$ cat entry.pdb   # PDB, C-alpha atoms
ATOM      1  CA  MET Q  10      29.884  19.507  95.569
ATOM      2  CA  ALA Q  11      26.375  19.017  96.871
ATOM      3  CA  LEU Q  12      22.903  18.483  95.495
ATOM      4  CA  LEU Q  13      20.631  21.355  96.473
ATOM      5  CA  THR Q  14      16.869  21.208  96.978
ATOM      6  CA  ILE Q  15      14.915  22.819  94.139
ATOM      7  CA  LEU Q  16      11.916  24.837  95.326
ATOM      8  CA  GLU Q  17       8.638  24.006  93.592
ATOM      9  CA  PHE Q  18       5.726  26.253  92.647
ATOM     10  CA  PRO Q  19       3.733  27.553  94.525
ATOM     11  CA  ASP Q  20       6.491  27.943  97.193
ATOM     12  CA  PRO Q  21       6.430  31.666  98.118
ATOM     13  CA  ARG Q  22      10.250  31.791  98.301
ATOM     14  CA  LEU Q  23      10.259  31.581  94.498
ATOM     15  CA  ARG Q  24       8.753  35.097  94.510
ATOM     16  CA  THR Q  25      11.754  36.630  96.321
ATOM     17  CA  ARG Q  26      13.743  39.094  94.236
ATOM     18  CA  ALA Q  27      17.452  38.189  94.147
ATOM     19  CA  LYS Q  28      20.123  40.646  95.260
ATOM     20  CA  PRO Q  29      23.285  41.382  93.295
ATOM     21  CA  VAL Q  30      26.416  39.418  94.165
ATOM     22  CA  ALA Q  31      28.837  41.825  95.852
ATOM     23  CA  THR Q  32      31.984  39.734  95.332
ATOM     24  CA  VAL Q  33      32.644  36.622  93.290
ATOM     25  CA  ASP Q  34      34.553  34.601  95.870
ATOM     26  CA  SER Q  35      34.976  30.936  96.823
ATOM     27  CA  ARG Q  36      31.467  30.882  98.364
ATOM     28  CA  ILE Q  37      29.881  31.959  95.063
ATOM     29  CA  GLN Q  38      32.081  29.555  93.080
ATOM     30  CA  ARG Q  39      31.012  26.693  95.379
ATOM     31  CA  LEU Q  40      27.370  27.748  94.864
ATOM     32  CA  VAL Q  41      27.930  27.673  91.086
ATOM     33  CA  ASP Q  42      29.428  24.173  91.297
ATOM     34  CA  ASP Q  43      26.556  22.937  93.484
ATOM     35  CA  MET Q  44      24.013  24.495  91.114
ATOM     36  CA  PHE Q  45      25.567  22.697  88.131
ATOM     37  CA  GLU Q  46      25.491  19.374  89.980
ATOM     38  CA  THR Q  47      21.849  19.986  90.963
ATOM     39  CA  MET Q  48      20.824  21.062  87.450
ATOM     40  CA  TYR Q  49      22.498  18.076  85.771
ATOM     41  CA  ALA Q  50      20.948  15.631  88.263
ATOM     42  CA  ALA Q  51      17.427  17.086  87.876
ATOM     43  CA  PRO Q  52      17.972  16.999  84.780
ATOM     44  CA  GLY Q  53      17.684  20.513  83.368
ATOM     45  CA  ILE Q  54      19.405  23.031  81.102
ATOM     46  CA  GLY Q  55      19.227  26.102  83.342
ATOM     47  CA  LEU Q  56      18.987  26.954  87.032
ATOM     48  CA  ALA Q  57      18.760  30.237  88.909
ATOM     49  CA  ALA Q  58      20.018  30.531  92.490
ATOM     50  CA  SER Q  59      16.506  31.622  93.537
ATOM     51  CA  GLN Q  60      15.279  28.131  92.682
ATOM     52  CA  VAL Q  61      17.573  26.641  95.340
ATOM     53  CA  ASP Q  62      16.586  29.249  97.948
ATOM     54  CA  VAL Q  63      19.705  31.401  97.505
ATOM     55  CA  HIS Q  64      18.473  34.859  96.610
ATOM     56  CA  GLU Q  65      21.515  36.175  94.789
ATOM     57  CA  ARG Q  66      21.815  36.928  91.091
ATOM     58  CA  VAL Q  67      23.492  33.723  89.864
ATOM     59  CA  ILE Q  68      22.465  31.583  86.873
ATOM     60  CA  VAL Q  69      23.971  28.405  85.461
ATOM     61  CA  MET Q  70      23.072  26.933  82.071
ATOM     62  CA  ASP Q  71      24.269  24.132  79.810
ATOM     63  CA  LEU Q  72      22.355  23.415  76.619
ATOM     64  CA  SER Q  73      24.718  20.672  75.442
ATOM     65  CA  GLU Q  74      23.619  17.035  75.477
ATOM     66  CA  ASP Q  75      26.871  15.867  77.082
ATOM     67  CA  HIS Q  76      27.334  18.656  79.682
ATOM     68  CA  THR Q  77      30.330  20.137  77.875
ATOM     69  CA  ASP Q  78      29.164  23.766  77.607
ATOM     70  CA  PRO Q  79      28.600  25.042  81.166
ATOM     71  CA  ARG Q  80      27.744  28.745  81.235
ATOM     72  CA  VAL Q  81      27.694  31.028  84.284
ATOM     73  CA  PHE Q  82      25.950  34.407  84.494
ATOM     74  CA  ILE Q  83      26.488  36.404  87.694
ATOM     75  CA  ASN Q  84      24.577  39.702  88.040
ATOM     76  CA  PRO Q  85      23.205  39.373  84.485
ATOM     77  CA  GLU Q  86      21.594  42.376  82.812
ATOM     78  CA  ILE Q  87      19.830  41.957  79.493
ATOM     79  CA  THR Q  88      18.672  44.292  76.783
ATOM     80  CA  ILE Q  89      16.368  43.251  73.974
ATOM     81  CA  VAL Q  90      18.097  43.395  70.601
ATOM     82  CA  ASP Q  91      15.133  42.260  68.498
ATOM     83  CA  ASN Q  92      11.546  42.834  69.655
ATOM     84  CA  THR Q  93      10.256  40.041  67.407
ATOM     85  CA  LEU Q  94       8.531  37.510  69.652
ATOM     86  CA  GLY Q  95       8.945  33.785  69.287
ATOM     87  CA  ASN Q  96       6.812  31.001  70.737
ATOM     88  CA  TYR Q  97       8.695  28.480  72.831
ATOM     89  CA  ASP Q  98       7.472  25.496  74.820
ATOM     90  CA  GLU Q  99       8.988  26.108  78.222
ATOM     91  CA  GLY Q 100       9.359  23.816  81.178
ATOM     92  CA  CYS Q 101      10.901  24.480  84.560
ATOM     93  CA  LEU Q 102      12.573  22.492  87.314
ATOM     94  CA  SER Q 103      10.398  24.449  89.778
ATOM     95  CA  VAL Q 104       7.234  23.501  87.869
ATOM     96  CA  PRO Q 105       8.003  19.826  87.216
ATOM     97  CA  GLY Q 106       6.100  17.958  84.555
ATOM     98  CA  PHE Q 107       4.508  20.962  82.853
ATOM     99  CA  TYR Q 108       5.361  22.545  79.504
ATOM    100  CA  GLU Q 109       3.524  25.535  78.082
ATOM    101  CA  THR Q 110       4.040  27.919  75.175
ATOM    102  CA  VAL Q 111       5.471  31.300  76.171
ATOM    103  CA  GLN Q 112       6.260  34.266  73.921
ATOM    104  CA  ARG Q 113       9.616  35.989  74.412
ATOM    105  CA  PRO Q 114      11.931  38.261  72.402
ATOM    106  CA  GLN Q 115      14.187  36.180  70.182
ATOM    107  CA  VAL Q 116      17.476  38.074  70.521
ATOM    108  CA  VAL Q 117      18.947  39.598  73.693
ATOM    109  CA  LYS Q 118      22.275  41.050  74.747
ATOM    110  CA  VAL Q 119      23.589  40.091  78.192
ATOM    111  CA  SER Q 120      26.255  41.684  80.340
ATOM    112  CA  ALA Q 121      27.349  39.603  83.327
ATOM    113  CA  LEU Q 122      30.258  38.248  85.325
ATOM    114  CA  ASP Q 123      31.626  34.747  84.752
ATOM    115  CA  ARG Q 124      32.589  32.170  87.414
ATOM    116  CA  GLU Q 125      35.881  33.994  88.022
ATOM    117  CA  GLY Q 126      34.183  37.393  88.347
ATOM    118  CA  GLU Q 127      35.336  38.608  84.932
ATOM    119  CA  PRO Q 128      32.842  40.785  83.021
ATOM    120  CA  PHE Q 129      31.598  39.784  79.581
ATOM    121  CA  THR Q 130      28.947  40.860  77.092
ATOM    122  CA  GLU Q 131      27.337  38.561  74.558
ATOM    123  CA  THR Q 132      24.398  38.502  72.152
ATOM    124  CA  LEU Q 133      22.220  35.400  72.549
ATOM    125  CA  ASP Q 134      19.439  34.054  70.360
ATOM    126  CA  GLY Q 135      17.466  30.861  69.965
ATOM    127  CA  LEU Q 136      17.203  28.515  72.925
ATOM    128  CA  MET Q 137      20.168  30.139  74.715
ATOM    129  CA  GLY Q 138      18.473  33.555  74.664
ATOM    130  CA  ILE Q 139      15.114  32.113  75.733
ATOM    131  CA  CYS Q 140      16.663  30.077  78.538
ATOM    132  CA  LEU Q 141      18.543  33.114  79.872
ATOM    133  CA  GLN Q 142      15.341  35.204  79.889
ATOM    134  CA  HIS Q 143      13.534  32.387  81.720
ATOM    135  CA  GLU Q 144      16.285  32.200  84.381
ATOM    136  CA  ILE Q 145      16.467  35.983  84.796
ATOM    137  CA  ASP Q 146      12.722  35.922  85.436
ATOM    138  CA  HIS Q 147      13.484  33.637  88.413
ATOM    139  CA  LEU Q 148      15.893  36.233  89.781
ATOM    140  CA  GLU Q 149      13.045  38.754  89.582
ATOM    141  CA  GLY Q 150      10.647  36.436  91.431
ATOM    142  CA  LYS Q 151       8.724  35.532  88.284
ATOM    143  CA  LEU Q 152       7.866  32.092  86.868
ATOM    144  CA  PHE Q 153       6.918  31.018  83.364
ATOM    145  CA  VAL Q 154       3.415  30.192  84.650
ATOM    146  CA  ASP Q 155       2.935  33.947  85.174
ATOM    147  CA  TYR Q 156       2.749  34.279  81.379
ATOM    148  CA  LEU Q 157      -0.203  31.858  81.238
ATOM    149  CA  THR Q 158      -3.893  32.516  81.696
ATOM    150  CA  PRO Q 159      -5.088  32.525  85.324
ATOM    151  CA  LEU Q 160      -7.066  29.337  84.629
ATOM    152  CA  LYS Q 161      -4.011  27.429  83.326
ATOM    153  CA  ARG Q 162      -1.863  28.737  86.188
ATOM    154  CA  GLN Q 163      -4.453  27.646  88.782
ATOM    155  CA  ARG Q 164      -4.767  24.204  87.184
ATOM    156  CA  ILE Q 165      -0.988  23.698  87.343
ATOM    157  CA  ARG Q 166      -0.878  24.990  90.920
ATOM    158  CA  GLY Q 167      -3.604  22.563  91.988
ATOM    159  CA  LYS Q 168      -1.899  19.551  90.405
ATOM    160  CA  LEU Q 169       1.481  20.420  91.930
ATOM    161  CA  VAL Q 170       0.045  21.018  95.415
ATOM    162  CA  LYS Q 171      -1.751  17.665  95.211
ATOM    163  CA  GLU Q 172       1.489  15.930  94.172
ATOM    164  CA  GLN Q 173       3.489  17.685  96.918
ATOM    165  CA  LYS Q 174       0.979  16.531  99.536
ATOM    166  CA  ARG Q 175       1.124  12.992  98.169
ATOM    167  CA  ARG Q 176       4.935  12.941  98.502
ATOM    168  CA  ALA Q 177       4.881  14.415 102.041
TER     169      ALA Q 177
END

$ encode --input "entry.pdb" --output "C-alpha cells"
Amino acid sequence: MALLTILEFPDPRLRTRAKPVATVDSRIQRLVDDMFETMYAAPGIGLAASQVDVHERVIVMDLSEDHTDPRVFINPEITIVDNTLGNYDEGCLSVPGFYETVQRPQVVKVSALDREGEPFTETLDGLMGICLQHEIDHLEGKLFVDYLTPLKRQRIRGKLVKEQKRRA
C-alpha cells in the first residue's frame, strides 16, 4: 500500500468530474487500499478518488474510531429519501483546518459496487449519509466551500494559498 498526495483547495484538479469505473479489478482494489491508508494517516473519515488526483468514481469511508468499519462505494448513485435538511459542521482533507456548517438532506439511498465489484443498495442517515453526500460532491468536482457565501469561500482560499506558499 502507498500513501497518496491529497490535493488541496484551490487546486483546479479538484474541479474535475470523475468518470465511472468500467471494471473493478486489481488496479481499483489497490487504489481502494491506498485510499484507506491515505485517509487513516491524514486522519479523516472519508476520501474520494478525485482528492488524490484519480478521477474515477471511487469513495472510501470509515466512521469508526478504531478503523474497524471500512466502507467502499464504487460508482455510487444516490437518491434523496427525506428532503428534510440538517445542519452539519463539515471539514475536508482537501480544505485542511476549516470547518463550516453545511445543510444537506438527512436520509439518502445509495446504490454502488463494493470492493469486489458486487452491487449493493443501502439507506444511510446521520453522519454516514452526510459523509457520503460530501464525498459524492468531490466526484462531481464540488467542494463543501461551494455551499458557503462567496466571502467565506474567498477568505478560506486566501488562507490556504498563503499556507501552501509558506510550505513550498

$ resolve_selection --input "entry.pdb" --expression "the PyMOL selection byres ((chain Q and resi 145) around 9)" --output "ChimeraX atom specification"
/Q:57,66-68,85-87,140-144,146-151

$ write_last_selection --input "entry.pdb" --atoms "C-alpha atoms" --output "compact mmCIF listing (two decimals), in the coordinates of the input"
# COMPACT_ATOMS: atom_id res chain seq x y z
CA ALA Q 57 18.76 30.24 88.91
CA ARG Q 66 21.82 36.93 91.09
CA VAL Q 67 23.49 33.72 89.86
CA ILE Q 68 22.46 31.58 86.87
CA PRO Q 85 23.20 39.37 84.48
CA GLU Q 86 21.59 42.38 82.81
CA ILE Q 87 19.83 41.96 79.49
CA CYS Q 140 16.66 30.08 78.54
CA LEU Q 141 18.54 33.11 79.87
CA GLN Q 142 15.34 35.20 79.89
CA HIS Q 143 13.53 32.39 81.72
CA GLU Q 144 16.28 32.20 84.38
CA ASP Q 146 12.72 35.92 85.44
CA HIS Q 147 13.48 33.64 88.41
CA LEU Q 148 15.89 36.23 89.78
CA GLU Q 149 13.04 38.75 89.58
CA GLY Q 150 10.65 36.44 91.43
CA LYS Q 151 8.72 35.53 88.28

$ closest_residue --input "entry.pdb" --among "Q:Asp75, Q:Glu46, Q:Asp91, Q:Glu17" --to "Leu133 (chain Q)" --atoms "all atoms listed in the file"
Q:Asp91

$ atom_distance --input "entry.pdb" --atom1 "CA of Ser120 (chain Q)" --atom2 "CA of Tyr108 (chain Q)"
28.3 Å

$ axis_aligned_box --input "entry.pdb" --around "region 116-129 of chain Q" --padding-each-side "4 Å" --output "lines of an AutoDock Vina configuration file"
center_x = 26.7
center_y = 36.9
center_z = 79.4
size_x = 26.4
size_y = 17.5
size_z = 25.8

$ closest_residue --input "entry.pdb" --among "Q:Ala50, Q:Ile15, Q:Cys101, Q:Met137" --to "Gln115 (chain Q)" --atoms "all atoms listed in the file"
Q:Met137

$ closest_residue --input "entry.pdb" --among "Q:Lys168, Q:Arg80, Q:Gly106, Q:Tyr97" --to "Glu131 (chain Q)" --atoms "all atoms listed in the file"
Q:Arg80
